[in-house]
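Source file: work-v6.cif; contents: mmCIF, C-alpha atoms.
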```cif
data_start
loop_
_atom_site.label_atom_id
_atom_site.label_comp_id
_atom_site.auth_asym_id
_atom_site.auth_seq_id
_atom_site.Cartn_x
_atom_site.Cartn_y
_atom_site.Cartn_z
CA MET N 1 0.00 0.00 0.00
CA LYS N 2 1.38 3.39 -0.96
CA SER N 3 2.19 5.86 1.80
CA ARG N 4 -0.31 8.64 2.41
CA LYS N 5 -0.04 12.26 3.47
CA LEU N 6 -0.90 12.56 7.12
CA SER N 7 -2.41 16.04 7.15
CA ARG N 8 -6.09 15.88 8.16
CA SER N 9 -7.00 18.58 5.64
CA ARG N 10 -5.53 16.54 2.79
CA ARG N 11 -6.97 13.19 3.82
CA ARG N 12 -9.38 11.64 1.38
CA ALA N 13 -12.90 11.31 2.76
CA THR N 14 -13.16 7.56 2.36
CA ILE N 15 -13.14 4.75 4.87
CA PHE N 16 -9.65 3.75 3.86
CA GLY N 17 -8.17 7.23 3.95
CA ALA N 18 -9.96 7.83 7.21
CA ALA N 19 -8.50 4.66 8.62
CA ALA N 20 -5.08 6.10 7.89
CA ALA N 21 -5.97 9.07 10.05
CA SER N 22 -6.52 6.70 12.96
CA VAL N 23 -2.84 5.83 12.64
CA VAL N 24 -1.98 9.47 13.16
CA ALA N 25 -4.33 9.73 16.10
CA GLY N 26 -2.87 6.59 17.62
CA ALA N 27 0.66 7.85 17.16
CA ALA N 28 -0.21 11.13 18.83
CA LEU N 29 -1.67 9.30 21.80
CA LEU N 30 1.24 7.05 22.67
CA PRO N 31 1.52 6.46 26.42
CA ASN N 32 3.30 9.23 28.30
CA TRP N 33 5.99 7.44 30.31
CA SER N 34 7.96 10.55 31.10
CA ALA N 35 9.36 11.06 34.57
CA GLY N 36 6.53 13.44 35.42
CA ALA N 37 3.69 11.14 34.39
CA ALA N 38 1.55 9.62 37.11
CA VAL N 39 2.13 5.89 37.48
CA VAL N 40 -0.69 3.69 38.75
CA ASP N 41 -0.63 0.18 40.13
CA ASP N 42 -1.93 -2.68 37.99
CA PRO N 43 -5.29 -1.26 36.83
CA THR N 44 -8.60 -2.99 37.41
CA VAL N 45 -11.15 -3.54 34.66
CA ASP N 46 -14.48 -2.35 36.01
CA ALA N 47 -17.88 -2.62 34.32
CA LYS N 48 -17.47 0.73 32.58
CA THR N 49 -14.10 -0.29 31.10
CA LYS N 50 -15.50 -3.63 29.95
CA ALA N 51 -18.34 -1.80 28.24
CA THR N 52 -15.80 0.40 26.46
CA PHE N 53 -13.83 -2.68 25.40
CA GLN N 54 -17.03 -4.01 23.86
CA ARG N 55 -17.81 -0.72 22.09
CA LEU N 56 -14.31 -0.57 20.62
CA ALA N 57 -14.56 -4.20 19.46
CA ASP N 58 -17.90 -3.38 17.87
CA ALA N 59 -16.28 -0.41 16.10
CA VAL N 60 -13.38 -2.52 14.80
CA PHE N 61 -15.59 -5.19 13.24
CA THR N 62 -18.21 -2.75 12.00
CA ASP N 63 -15.45 -0.86 10.19
CA ARG N 64 -14.30 -4.13 8.61
CA THR N 65 -17.80 -5.04 7.51
CA ASP N 66 -18.42 -1.55 6.16
CA ALA N 67 -15.37 -1.94 3.93
CA LEU N 68 -17.21 -4.69 2.04
CA VAL N 69 -20.29 -2.59 1.37
CA THR N 70 -20.76 -0.75 -1.90
CA GLY N 71 -21.11 2.98 -1.26
CA LYS N 72 -21.14 4.70 2.12
CA GLN N 73 -22.33 2.63 5.04
CA GLY N 74 -24.53 4.76 7.28
CA ASN N 75 -23.10 7.93 5.66
CA ARG N 76 -19.98 7.60 7.80
CA GLN N 77 -16.97 9.49 6.52
CA GLU N 78 -14.51 8.07 9.05
CA PRO N 79 -13.98 4.68 10.68
CA LEU N 80 -15.82 4.30 13.97
CA THR N 81 -12.52 3.53 15.70
CA ASN N 82 -11.46 7.15 15.11
CA GLY N 83 -13.86 8.16 17.88
CA PHE N 84 -11.86 6.38 20.58
CA SER N 85 -9.18 8.17 22.55
CA GLY N 86 -8.18 8.61 26.17
CA ASP N 87 -8.87 5.75 28.55
CA VAL N 88 -9.38 3.12 25.82
CA LYS N 89 -8.12 3.43 22.24
CA LEU N 90 -6.26 1.66 19.46
CA SER N 91 -2.51 1.50 19.77
CA ALA N 92 -0.53 3.04 16.92
CA GLY N 93 0.44 -0.42 15.68
CA THR N 94 -3.14 -1.69 15.73
CA ALA N 95 -4.30 1.43 13.90
CA ARG N 96 -1.81 0.70 11.14
CA THR N 97 -2.90 -2.93 11.01
CA GLU N 98 -6.58 -2.00 10.79
CA ASP N 99 -5.81 0.55 8.08
CA ALA N 100 -4.17 -2.21 6.02
CA THR N 101 -7.06 -4.57 6.78
CA LEU N 102 -9.64 -2.09 5.55
CA SER N 103 -7.64 -1.53 2.38
CA SER N 104 -7.43 -5.28 1.75
CA LEU N 105 -11.14 -5.72 2.39
CA GLY N 106 -11.79 -2.95 -0.11
CA GLN N 107 -9.88 -5.01 -2.65
CA ARG N 108 -11.93 -8.06 -1.67
CA LYS N 109 -15.09 -6.00 -2.21
CA ASP N 110 -13.92 -5.28 -5.77
CA LYS N 111 -13.20 -8.98 -6.41
CA LEU N 112 -16.62 -9.94 -5.08
CA ALA N 113 -18.26 -7.30 -7.27
CA LYS N 114 -16.60 -8.76 -10.36
CA ALA N 115 -18.07 -12.12 -9.34
CA GLY N 116 -21.52 -10.53 -9.09
CA GLU N 117 -21.50 -10.31 -5.29
CA LYS N 118 -22.40 -6.89 -3.88
CA TYR N 119 -23.76 -5.79 -0.52
CA SER N 120 -25.96 -2.74 -0.08
CA LYS N 121 -25.75 -2.54 3.70
CA ALA N 122 -24.51 -4.37 6.76
CA ALA N 123 -25.21 -4.67 10.46
CA THR N 124 -22.62 -5.85 12.98
CA THR N 125 -22.96 -6.34 16.72
CA VAL N 126 -20.41 -7.62 19.21
CA THR N 127 -21.09 -9.46 22.45
CA LEU N 128 -18.46 -9.48 25.20
CA ASN N 129 -18.28 -13.07 26.47
CA ALA N 130 -15.47 -12.92 29.02
CA THR N 131 -12.59 -10.72 30.15
CA ARG N 132 -9.39 -12.07 31.69
CA VAL N 133 -6.96 -9.65 33.32
CA THR N 134 -3.34 -10.39 34.18
CA GLY N 135 -1.38 -7.42 35.44
CA ARG N 136 -1.54 -4.77 32.76
CA THR N 137 -2.92 -7.09 30.07
CA ALA N 138 -6.60 -7.80 29.46
CA LYS N 139 -7.92 -10.47 27.11
CA ALA N 140 -11.49 -9.98 25.90
CA ALA N 141 -13.32 -12.85 24.19
CA VAL N 142 -16.08 -11.57 21.92
CA THR N 143 -18.65 -12.87 19.46
CA GLU N 144 -19.23 -10.88 16.28
CA THR N 145 -22.62 -11.28 14.58
CA THR N 146 -22.91 -9.74 11.12
CA THR N 147 -25.69 -9.60 8.54
CA LEU N 148 -24.97 -8.41 4.99
CA THR N 149 -27.78 -7.45 2.62
CA TYR N 150 -27.29 -8.51 -0.98
CA ALA N 151 -27.50 -5.52 -3.35
CA GLY N 152 -30.08 -5.76 -6.12
CA ALA N 153 -31.46 -9.12 -5.01
CA THR N 154 -34.17 -10.21 -7.44
CA ALA N 155 -37.20 -12.37 -6.79
CA GLY N 156 -36.09 -15.80 -5.67
CA GLN N 157 -32.65 -14.72 -4.47
CA PRO N 158 -31.81 -14.63 -0.76
CA LYS N 159 -31.97 -11.12 0.66
CA THR N 160 -29.16 -11.52 3.18
CA THR N 161 -26.20 -13.58 4.25
CA GLY N 162 -24.75 -13.63 7.75
CA PHE N 163 -22.18 -15.15 10.04
CA GLN N 164 -20.91 -15.36 13.61
CA ALA N 165 -17.22 -15.18 14.41
CA GLN N 166 -15.23 -15.55 17.61
CA HIS N 167 -12.35 -13.19 18.39
CA GLU N 168 -9.94 -12.39 21.20
CA LEU N 169 -8.86 -8.79 21.72
CA THR N 170 -5.74 -7.96 23.69
CA PHE N 171 -5.63 -4.68 25.64
CA LYS N 172 -2.59 -3.36 27.47
CA ALA N 173 -2.53 -0.57 30.01
CA ASP N 174 0.16 2.10 29.95
CA ARG N 175 1.79 3.36 33.14
CA SER N 176 -1.00 5.89 33.60
CA GLY N 177 -3.66 3.18 33.51
CA ASN N 178 -4.98 3.93 30.03
CA TRP N 179 -5.86 0.89 27.92
CA GLN N 180 -4.80 0.37 24.32
CA LEU N 181 -6.03 -2.31 21.93
CA THR N 182 -2.83 -4.03 20.81
CA GLY N 183 -4.05 -7.14 19.03
CA VAL N 184 -7.05 -8.83 17.39
CA THR N 185 -7.05 -12.61 16.91
CA ASP N 186 -9.64 -14.77 15.16
CA THR N 187 -10.26 -17.78 17.39
CA ASP N 188 -12.65 -19.78 15.19
CA GLN N 189 -11.15 -22.97 13.87
CA GLY N 190 -12.67 -22.37 10.46
CA GLY N 191 -11.65 -18.79 9.76
CA LEU N 192 -14.04 -18.44 6.81
CA ALA N 193 -15.90 -15.23 7.69
CA VAL N 194 -16.20 -12.95 4.68
CA ASN N 195 -14.64 -9.98 6.54
CA THR N 196 -11.58 -11.81 7.85
CA LEU N 197 -8.28 -11.98 6.02
CA SER N 198 -6.62 -14.63 8.16
CA LYS N 199 -5.72 -17.89 6.49
CA PRO N 200 -8.39 -20.55 7.06
CA VAL N 201 -7.39 -23.21 9.55
CA ALA N 202 -6.82 -26.65 8.06
CA SER N 203 -8.62 -29.61 9.55
CA VAL N 204 -7.00 -32.54 11.29
CA LYS N 205 -5.23 -34.66 8.71
CA ALA N 206 -6.53 -38.18 8.40
CA THR N 207 -4.58 -40.59 10.55
CA THR N 208 -5.13 -43.57 8.24
CA ALA N 209 -4.56 -43.61 4.52
CA ASP N 210 -3.95 -46.39 2.03
CA ASP N 211 -4.84 -47.36 -1.51
CA THR N 212 -8.37 -48.34 -0.50
CA MET N 213 -9.31 -44.73 0.25
CA PRO N 214 -11.39 -43.33 -2.61
CA ASN N 215 -10.15 -40.05 -4.06
CA ALA N 216 -12.77 -37.41 -4.78
CA ALA N 217 -12.65 -35.67 -8.14
CA ARG N 218 -11.95 -31.95 -8.04
CA ALA N 219 -14.64 -29.59 -9.28
CA ALA N 220 -14.12 -26.67 -11.63
CA THR N 221 -15.13 -23.15 -10.59
CA THR N 222 -16.01 -21.66 -13.97
CA ARG N 223 -19.41 -20.00 -14.27
CA ASN N 224 -22.50 -21.24 -16.14
CA PRO N 225 -21.79 -24.97 -16.55
CA ALA N 226 -24.41 -27.32 -17.91
CA ALA N 227 -27.07 -27.95 -15.25
CA VAL N 228 -27.24 -31.37 -13.60
CA PRO N 229 -30.74 -31.73 -12.10
CA LYS N 230 -31.39 -34.11 -9.24
CA THR N 231 -33.35 -37.21 -10.20
CA GLY N 232 -34.36 -40.55 -8.74
CA THR N 233 -33.68 -40.00 -5.04
CA THR N 234 -35.76 -40.46 -1.91
CA TYR N 235 -33.88 -37.98 0.26
CA ASP N 236 -35.66 -34.87 1.59
CA TYR N 237 -33.39 -32.02 0.52
CA LYS N 238 -35.69 -29.33 1.85
CA ALA N 239 -35.44 -30.96 5.29
CA MET N 240 -31.63 -30.94 5.03
CA ALA N 241 -31.62 -27.22 4.23
CA ALA N 242 -34.20 -26.40 6.90
CA TYR N 243 -32.17 -28.24 9.55
CA ALA N 244 -28.93 -26.48 8.61
CA GLU N 245 -30.50 -23.03 8.63
CA LYS N 246 -32.28 -23.71 11.93
CA TYR N 247 -29.10 -24.78 13.74
CA VAL N 248 -26.47 -22.62 12.04
CA TYR N 249 -26.26 -20.22 15.00
CA THR N 250 -27.95 -22.17 17.81
CA TYR N 251 -26.47 -25.65 17.96
CA ASN N 252 -28.62 -28.75 18.39
CA LYS N 253 -28.04 -30.01 21.94
CA ASP N 254 -28.72 -33.58 20.81
CA TYR N 255 -25.20 -33.64 19.33
CA PRO N 256 -21.80 -32.65 20.70
CA ASP N 257 -20.23 -29.36 19.61
CA PHE N 258 -16.76 -29.99 18.22
CA ASN N 259 -15.67 -26.37 18.22
CA ASN N 260 -12.64 -26.00 20.51
CA HIS N 261 -12.48 -29.80 20.85
CA THR N 262 -10.56 -30.76 17.75
CA ALA N 263 -8.78 -28.85 15.02
CA GLY N 264 -11.12 -28.42 12.08
CA GLY N 265 -14.12 -27.54 14.22
CA ASP N 266 -17.74 -28.57 13.86
CA CYS N 267 -18.23 -28.25 10.09
CA THR N 268 -18.54 -31.92 9.10
CA ASN N 269 -20.49 -32.87 12.23
CA PHE N 270 -22.99 -30.13 11.30
CA VAL N 271 -23.31 -31.29 7.68
CA SER N 272 -23.75 -34.92 8.78
CA GLN N 273 -26.58 -33.87 11.08
CA SER N 274 -28.25 -32.05 8.19
CA LEU N 275 -27.94 -35.08 5.90
CA LYS N 276 -29.36 -37.28 8.63
CA ALA N 277 -32.33 -34.91 8.97
CA GLY N 278 -32.98 -35.42 5.26
CA GLY N 279 -32.94 -39.20 5.31
CA TRP N 280 -29.37 -40.49 5.51
CA LYS N 281 -29.44 -43.64 7.66
CA HIS N 282 -26.84 -44.84 10.16
CA VAL N 283 -24.40 -47.54 9.15
CA PRO N 284 -23.30 -48.86 12.57
CA GLY N 285 -19.90 -50.32 13.28
CA TYR N 286 -16.41 -49.42 14.42
CA VAL N 287 -15.82 -45.69 14.83
CA TYR N 288 -12.56 -45.73 12.85
CA ASP N 289 -14.03 -47.65 9.90
CA TYR N 290 -14.72 -45.10 7.18
CA THR N 291 -17.27 -47.48 5.58
CA LYS N 292 -19.48 -46.88 8.64
CA TRP N 293 -21.40 -43.69 9.42
CA PHE N 294 -23.33 -42.83 12.60
CA GLY N 295 -23.67 -40.06 15.13
CA ASN N 296 -25.72 -39.13 18.19
CA ALA N 297 -25.19 -37.47 21.54
CA ASP N 298 -22.94 -40.25 22.84
CA ILE N 299 -20.83 -41.53 19.97
CA GLN N 300 -19.88 -40.51 16.43
CA SER N 301 -17.99 -42.32 13.73
CA ASP N 302 -14.96 -40.60 12.25
CA SER N 303 -16.89 -40.38 8.99
CA PHE N 304 -19.64 -38.40 10.77
CA VAL N 305 -17.27 -35.70 12.09
CA GLY N 306 -14.09 -35.86 9.96
CA VAL N 307 -13.75 -33.98 6.67
CA ASN N 308 -11.75 -36.61 4.77
CA GLU N 309 -13.42 -39.56 6.46
CA TRP N 310 -16.83 -38.21 5.44
CA SER N 311 -15.63 -37.95 1.84
CA TRP N 312 -14.40 -41.56 1.89
CA PHE N 313 -17.68 -42.84 3.29
CA ALA N 314 -19.80 -40.74 0.93
CA GLN N 315 -18.01 -42.11 -2.12
CA ASN N 316 -17.57 -45.71 -0.97
CA SER N 317 -21.25 -45.99 0.03
CA LYS N 318 -22.38 -44.57 -3.32
CA ARG N 319 -24.51 -42.05 -1.44
CA THR N 320 -22.85 -39.30 -3.46
CA THR N 321 -21.52 -38.78 -6.94
CA ALA N 322 -18.98 -36.20 -8.03
CA LEU N 323 -20.07 -33.03 -9.79
CA ALA N 324 -17.72 -31.54 -12.36
CA ASN N 325 -18.40 -27.93 -11.36
CA VAL N 326 -19.27 -26.17 -8.10
CA TYR N 327 -22.07 -24.23 -9.80
CA GLN N 328 -23.86 -27.54 -10.53
CA LEU N 329 -24.53 -27.95 -6.80
CA GLU N 330 -28.19 -28.03 -5.76
CA VAL N 331 -29.95 -27.80 -2.37
CA GLY N 332 -28.80 -30.66 -0.12
CA ASP N 333 -25.52 -31.19 -1.98
CA VAL N 334 -22.17 -30.88 -0.19
CA LEU N 335 -19.14 -28.74 -0.98
CA GLN N 336 -15.65 -29.32 0.45
CA MET N 337 -12.50 -27.22 0.22
CA ASP N 338 -8.77 -27.95 0.44
CA PHE N 339 -7.24 -24.59 1.29
CA ASP N 340 -3.57 -25.48 0.91
CA ARG N 341 -4.05 -27.97 -1.96
CA ASP N 342 -2.16 -30.73 -0.17
CA GLY N 343 -4.70 -33.42 -1.02
CA SER N 344 -6.31 -33.41 2.45
CA LYS N 345 -9.68 -31.66 2.55
CA ASP N 346 -10.19 -29.01 5.20
CA HIS N 347 -13.80 -27.79 5.27
CA THR N 348 -17.32 -29.13 4.66
CA MET N 349 -20.47 -27.12 3.77
CA ILE N 350 -24.03 -27.88 2.66
CA VAL N 351 -26.06 -26.07 0.03
CA THR N 352 -29.27 -24.63 1.53
CA TYR N 353 -30.37 -22.30 -1.26
CA LYS N 354 -29.93 -21.81 -5.00
CA ALA N 355 -31.02 -18.96 -7.24
CA ASN N 356 -30.09 -17.84 -10.75
CA GLY N 357 -27.49 -20.56 -11.05
CA ILE N 358 -25.71 -19.63 -7.79
CA PRO N 359 -25.60 -22.16 -4.91
CA TYR N 360 -25.55 -20.73 -1.37
CA VAL N 361 -23.86 -22.73 1.40
CA THR N 362 -24.45 -22.84 5.13
CA TYR N 363 -21.79 -24.09 7.54
CA HIS N 364 -20.22 -24.11 10.99
CA SER N 365 -16.77 -22.82 11.96
CA ASN N 366 -17.47 -19.85 11.30
CA ASN N 367 -21.23 -20.15 11.64
CA THR N 368 -22.40 -18.87 8.27
CA LEU N 369 -25.82 -18.66 6.64
CA ARG N 370 -26.35 -18.63 2.88
CA ARG N 371 -22.93 -17.57 1.63
CA SER N 372 -22.75 -17.72 -2.14
CA VAL N 373 -20.33 -20.08 -3.83
CA ALA N 374 -19.33 -17.09 -5.95
CA SER N 375 -18.12 -15.36 -2.77
CA LEU N 376 -16.07 -18.39 -1.73
CA VAL N 377 -14.42 -18.75 -5.14
CA ALA N 378 -13.64 -15.03 -5.31
CA SER N 379 -12.21 -15.02 -1.77
CA TYR N 380 -10.23 -18.29 -2.08
CA PRO N 381 -9.37 -18.63 -5.79
CA ASN N 382 -6.42 -20.93 -5.15
CA ALA N 383 -8.25 -23.53 -3.06
CA TYR N 384 -9.29 -26.91 -4.42
CA TYR N 385 -13.05 -27.53 -4.46
CA TYR N 386 -14.95 -30.83 -4.30
CA ALA N 387 -18.68 -30.96 -5.14
CA TYR N 388 -20.85 -33.91 -4.08
CA ARG N 389 -24.31 -34.72 -5.40
CA THR N 390 -26.21 -36.33 -2.50
#
```
In structure tokens, write the structure found in this file.
Amino acid sequence: MKSRKLSRSRRRATIFGAAAASVVAGAALLPNWSAGAAVVDDPTVDAKTKATFQRLADAVFTDRTDALVTGKQGNRQEPLTNGFSGDVKLSAGTARTEDATLSSLGQRKDKLAKAGEKYSKAATTVTLNATRVTGRTAKAAVTETTTLTYAGATAGQPKTTGFQAQHELTFKADRSGNWQLTGVTDTDQGGLAVNTLSKPVASVKATTADDTMPNAARAATTRNPAAVPKTGTTYDYKAMAAYAEKYVYTYNKDYPDFNNHTAGGDCTNFVSQSLKAGGWKHVPGYVYDYTKWFGNADIQSDSFVGVNEWSWFAQNSKRTTALANVYQLEVGDVLQMDFDRDGSKDHTMIVTYKANGIPYVTYHSNNTLRRSVASLVASYPNAYYYAYRT
């Protein structure tokens, strides 16, 4: 990114130029550790400070979401984080990082627009889940909930897409007791929120592999392939989609939640539940046998919860067939991704909507509702994609 002039009068009135101004503000507000400055003991984080932590977190993620929206979001000329100074503010380093993030998200917005994906408005809220304080460092765990409205949605298209994401914010107090936001970390194991730039987290690699494991065929990502309608099946695809959309944010307590339990998160467990809701039957047996498939509150086969193991079962059982192109996916079909193209699949999603030739997927880790396949391909053009007709 090219350097910018730092004079306020010469700053461009855009979200990205304004974000650069926050760097200046942060630099001007570096902690005063001079000999004459008052030094306080390790500060406490009272309810008022926690509330300010939450407001600043809300500002950070709202600014990021706004960067994806075509036009001015809420007629704001400056990032919301510019309004924070004094007791709680962004550090100079974090301001620079956020400036770069907003610029990168602006570039993502342009890529999405070329793929036909535009958002007319957005709404982001942040919930403070917990705060842990050690000396002059505070760690705040937050949940971001964002809804994006599709621009120019026609009849039959979904009006919105949305997601939840988990983050940890690090605050550090200077010697005068003023808090600065010094770091923002995505803590979801998926890392597939549309407004995050962090590299998606790969799933656990399969522990067993030999020549008997069926290899899924990769799917192309070119637009407008020949349609492949679903025929001759007894599965209830509407029930699969309804289940996924019902439990995308509020998990079904009849199954375990694999977030924070195992690398790779809850994505395949969630898709398996949705398939089961639409008519997939258990195949009981040994949990490590990929030719078996079962899951309930007490026990789950590896094929029920593992990305690669699910793929092996799905192909070996003939419950799925490979699609040549991701845009041939229909409601109830499954999409997998291999982020680093190492041959081991990393993420599983289910199609819950389709309109005008565009499939929309719903998934866990991050919890995401009706994200278009066009958005995924534009955001992760180098990933390998695998499309399964169920």
(request) Find, counting all atoms listed in the file, the residue in N:Ala227, N:Val331, N:Ile299, N:Ala239 that gets nearest to Tyr360 of chain N. (result)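 Among the listed residues, the smallest separation from Tyr360 of chain N belongs to N:Val331.
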Given the PyMOL selection byres ((chain N and resi 187) around 7) and the file above, list the residues it selects as a compact mmCIF listing (two decimals) with C-alpha atoms, in the frame of the given file.
```txt
# COMPACT_ATOMS: atom_id res chain seq x y z
CA GLN N 166 -15.23 -15.55 17.61
CA HIS N 167 -12.35 -13.19 18.39
CA GLU N 168 -9.94 -12.39 21.20
CA THR N 185 -7.05 -12.61 16.91
CA ASP N 186 -9.64 -14.77 15.16
CA ASP N 188 -12.65 -19.78 15.19
CA GLN N 189 -11.15 -22.97 13.87
```
(message) I want to know what sits within 9 Å of Asn215 of chain N, based on all atoms listed in the file, with residues of the same chain fewer than 3 positions away left out; could you give that as a PyMOL selection string?
(response) chain N and resi 311-312+315
(request) Using only C-alpha atoms, determine which residues lie at most 12 Å from Leu181 of chain N, disregarding the query and same-chain residues fewer than 3 positions distant; provide the list as a ChimeraX atom specification. (result) /N:26,30,52-57,59-60,81,84-98,136-140,168-174,178,184-185
(message) For a quick check of understanding, using all atoms listed in the file, which of N:Leu329, N:Ala242, N:Met213, N:Ala314 has the smallest distance to Ser272 of chain N?
(response)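 The closest residue to Ser272 of chain N is N:Ala314.
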(request) List every protein, DNA or RNA residue that has at least one atom no more than 8 Å from (-26.6, -33.3, 21.7) in the file's coordinates, counting all atoms listed in the file, and write the result as a count of residues only. (result) 9
